[in-house]
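The file coords_19.txt comes next; it holds compact mmCIF, C-alpha atoms.
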```txt
# COMPACT_ATOMS: atom_id res chain seq x y z
CA MET A 245 75.62 96.65 109.39
CA GLN A 246 77.25 99.77 108.03
CA LEU A 247 79.73 98.93 105.26
CA SER A 248 81.79 102.11 105.16
CA THR A 249 81.40 105.76 106.05
CA ALA A 250 82.91 106.80 102.70
CA PRO A 251 82.32 103.95 100.27
CA TYR A 252 84.78 103.67 97.44
CA GLU A 253 84.82 101.42 94.40
CA GLU A 254 86.80 101.79 91.19
CA ARG A 255 87.24 99.52 88.20
CA LEU A 256 90.55 99.98 86.40
CA THR A 257 89.09 99.65 82.92
CA ALA A 258 91.29 99.44 79.85
CA PRO A 259 91.60 102.63 77.79
CA ARG A 260 89.36 103.17 74.76
CA SER A 261 92.27 102.72 72.37
CA TRP A 262 92.53 99.06 73.44
CA TRP A 263 89.08 98.41 71.96
CA LEU A 264 90.26 99.81 68.63
CA ILE A 265 93.32 97.58 68.88
CA SER A 266 91.00 94.61 69.51
CA PHE A 267 89.21 95.37 66.25
CA LEU A 268 92.57 95.68 64.45
CA VAL A 269 93.57 92.26 65.80
CA GLY A 270 90.35 90.90 64.29
CA ILE A 271 91.20 92.49 60.93
CA SER A 272 94.66 90.92 61.12
CA PHE A 273 93.14 87.47 61.67
CA ALA A 274 90.74 88.11 58.77
CA LEU A 275 93.63 89.02 56.48
CA ILE A 276 95.52 85.89 57.47
CA LEU A 277 92.49 83.79 56.53
CA VAL A 278 91.69 85.54 53.19
CA PRO A 279 93.27 82.74 51.09
CA PHE A 280 90.83 80.22 52.59
CA GLY A 281 87.68 82.07 51.47
CA THR A 282 85.06 84.49 52.67
CA LEU A 283 83.58 82.43 55.50
CA PRO A 284 86.93 81.70 57.22
CA MET A 285 87.86 85.37 56.75
CA LEU A 286 84.67 86.51 58.52
CA GLY A 287 85.25 83.91 61.22
CA GLY A 288 88.77 85.29 61.72
CA LEU A 289 87.41 88.84 61.96
CA VAL A 290 84.77 87.93 64.53
CA GLY A 291 86.89 85.41 66.45
CA GLY A 292 90.03 87.54 66.55
CA THR A 293 88.11 90.62 67.64
CA ALA A 294 86.26 88.64 70.31
CA VAL A 295 89.41 87.05 71.75
CA ALA A 296 91.26 90.38 71.86
CA ALA A 297 88.24 92.14 73.40
CA VAL A 298 87.92 89.48 76.11
CA ALA A 299 91.63 89.85 76.90
CA ALA A 300 91.31 93.66 77.15
CA SER A 301 88.17 93.37 79.26
CA SER A 302 89.64 90.85 81.69
CA TYR A 303 92.81 92.93 82.15
CA GLY A 304 90.65 95.96 82.92
CA ALA A 305 88.26 94.09 85.23
CA VAL A 306 90.32 94.53 88.38
CA ARG A 307 88.68 96.59 91.13
CA ILE A 308 89.78 98.61 94.12
CA ARG A 309 87.23 98.82 96.93
CA VAL A 310 87.03 100.04 100.49
CA VAL A 311 84.32 97.93 102.10
CA GLY A 312 83.64 98.03 105.80
CA ASP A 313 86.97 97.64 107.54
CA SER A 314 88.86 96.22 104.53
CA LEU A 315 90.70 97.43 101.47
CA ILE A 316 90.15 95.04 98.57
CA ALA A 317 92.54 95.61 95.68
CA GLY A 318 92.43 92.93 93.03
CA GLU A 319 93.27 89.64 94.79
CA ALA A 320 94.41 91.33 98.02
CA LYS A 321 92.12 91.90 100.99
CA VAL A 322 93.75 93.88 103.79
CA PRO A 323 92.06 95.11 106.97
CA VAL A 324 92.41 98.89 107.31
CA SER A 325 93.74 98.38 110.84
CA ALA A 326 96.89 96.88 109.24
CA LEU A 327 97.41 99.93 107.04
CA GLY A 328 99.29 103.12 107.78
CA GLU A 329 99.40 106.44 105.99
CA ALA A 330 98.26 106.66 102.36
CA GLU A 331 100.25 108.90 100.02
CA ILE A 332 98.98 110.27 96.71
CA LEU A 333 101.58 109.92 93.97
CA ASP A 334 101.70 112.29 91.00
CA PRO A 335 102.66 110.77 87.61
CA GLU A 336 106.42 111.30 88.08
CA GLU A 337 106.47 109.93 91.61
CA ALA A 338 104.23 107.01 90.60
CA ARG A 339 106.69 106.12 87.82
CA ALA A 340 109.56 106.25 90.33
CA TRP A 341 107.73 103.95 92.80
CA ARG A 342 107.04 101.36 90.12
CA THR A 343 110.63 101.43 88.81
CA HIS A 344 113.77 102.40 90.73
CA LYS A 345 112.14 103.05 94.15
CA ALA A 346 110.09 99.83 94.09
CA ASP A 347 110.50 97.19 96.77
CA THR A 348 110.24 93.61 95.52
CA ARG A 349 108.15 92.67 98.56
CA ALA A 350 105.49 95.32 97.84
CA PHE A 351 102.04 94.54 96.50
CA LEU A 352 101.63 96.31 93.15
CA LEU A 353 98.25 96.71 91.54
CA LEU A 354 99.82 98.34 88.55
CA ARG A 355 98.19 99.57 85.38
CA ALA A 356 100.70 101.49 83.25
CA TYR A 357 97.91 103.30 81.38
CA ILE A 358 96.84 104.99 84.63
CA PRO A 359 99.42 107.68 85.44
CA ARG A 360 98.52 108.36 89.11
CA ALA A 361 98.68 106.06 92.10
CA VAL A 362 98.37 105.75 95.87
CA ARG A 363 101.02 104.19 98.09
CA VAL A 364 99.66 102.80 101.35
CA LEU A 365 102.07 101.72 104.09
CA VAL A 366 101.45 98.34 105.73
CA THR A 367 101.96 98.57 109.50
CA ASP A 368 101.22 94.95 110.41
CA PRO A 369 104.51 93.58 111.87
CA GLU A 370 103.65 90.03 110.75
CA ASP A 371 103.13 91.05 107.11
CA PRO A 372 106.36 91.22 105.06
CA THR A 373 104.71 93.57 102.55
CA PRO A 374 106.07 97.09 103.17
CA TYR A 375 103.41 98.94 101.16
CA LEU A 376 100.62 98.65 98.62
CA TYR A 377 101.01 100.46 95.30
CA LEU A 378 97.59 101.01 93.76
CA SER A 379 97.10 102.60 90.34
CA THR A 380 93.97 104.73 90.52
CA ARG A 381 92.22 107.42 88.51
CA GLU A 382 90.79 108.99 91.69
CA PRO A 383 93.56 108.98 94.32
CA GLU A 384 91.98 111.72 96.45
CA ARG A 385 88.74 109.76 96.86
CA LEU A 386 90.63 106.54 97.66
CA VAL A 387 92.75 108.19 100.35
CA GLU A 388 89.65 109.87 101.82
CA ALA A 389 87.79 106.53 101.93
CA LEU A 390 90.79 104.82 103.58
CA ARG A 391 91.05 107.53 106.23
CA ALA A 392 87.31 107.35 106.94
CA ALA A 393 87.46 103.55 107.23
CA GLN A 394 90.49 103.75 109.55
CA ALA A 395 88.72 106.32 111.73
CA ALA A 396 85.63 104.12 111.93
CA ALA A 397 87.64 100.98 112.78
```
Write-out of the structure in structure tokens:
Amino acid sequence: MQLSTAPYEERLTAPRSWWLISFLVGISFALILVPFGTLPMLGGLVGGTAVAAVAASSYGAVRIRVVGDSLIAGEAKVPVSALGEAEILDPEEARAWRTHKADTRAFLLLRAYIPRAVRVLVTDPEDPTPYLYLSTREPERLVEALRAAQAAA
């Protein structure tokens, strides 16, 4: 079984600055616990950093994949036969499509720290979703993989 002619997988990881922020959250917890002694302070540093790092990691764990005849974006799994044209959005156009041009029925896999995106039309008449908005660092590769999967389907 051939999965895809142009396989694509991307993880929308959190930016590096979020890991520094996680450490600063740990320092904040440590400072809060200073009056209780050294051991609680160290526990606050480790625990606060760990909780913030897990939160940053889980937010950045979402994936976009083109596998076989399906587009899997976060929780959504859509057959490529139900998709229309994919449009690459530059940073200004991406901002417009996630603000004033946005449709409330659209599926948004939105990460504000990723400036570019792809908008994929949904052509299935039974699906009320008009389009998928997918934040991506590699929009050209995603569109190419979608086109290859649609051609193979």
Name the closest residue to Leu315 of chain A among the candidates A:Tyr303, A:Thr348, A:Ala330, A:Glu384; distances are taken between atoms, counting only C-alpha atoms.
A:Ala330
Work out how far apart atom CA of Gly304 of chain A and atom CA of Leu352 of chain A are and give it in Å to one decimal.
15.0 Å
Select from segment 278-322 of chain A every residue with an atom at most 12 Å from any atom of segment 379-383 of chain A, then for each give the shortest pair of atoms and their distance in Å to one decimal, using only C-alpha atoms, rows by chain and rising number, as a tab-separated table.
```
residue	atom	partner	partner_atom	distance
A:Gly304	CA	A:Ser379	CA	11.9
A:Val306	CA	A:Ser379	CA	10.7
A:Arg307	CA	A:Thr380	CA	9.7
A:Ile308	CA	A:Thr380	CA	8.2
A:Arg309	CA	A:Thr380	CA	11.0
A:Ala317	CA	A:Ser379	CA	9.9
A:Gly318	CA	A:Ser379	CA	11.1
```
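For segment 268-277 of chain A, the residues within 8 Å (counting all atoms listed in the file, excluding itself and residues fewer than 4 positions away along the chain) are Leu264, Gly281, Pro284, Met285, Leu286, Gly287, Gly288, Leu289, Val290, Gly291, Gly292, Thr293, Ala294 and Ala296 of chain A.
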Would you compute the distance between atom CA of Glu329 of chain A and atom CA of Leu365 of chain A? Give it in Å to one decimal.
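Taking atom CA of Glu329 of chain A as the start and atom CA of Leu365 of chain A as the end point, the length is 5.7 Å.
Minimum atom-to-atom distance to Val387 of chain A, evaluated using only C-alpha atoms, belongs to A:Tyr252 out of A:Tyr252, A:Tyr357, A:Phe351, A:Phe267.
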Could you name the residues that touch Asp371 of chain A at 9 Å or less, counting all atoms listed in the file, but leaving out those on the same chain fewer than 4 positions away, as a list in words?
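Listing them by chain and then by number gives Ala326, Val366 and Thr367 of chain A.
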What is the atom CA of Trp341 of chain A-atom CA of Ile358 of chain A distance in Å, reported with one decimal?
13.7 Å
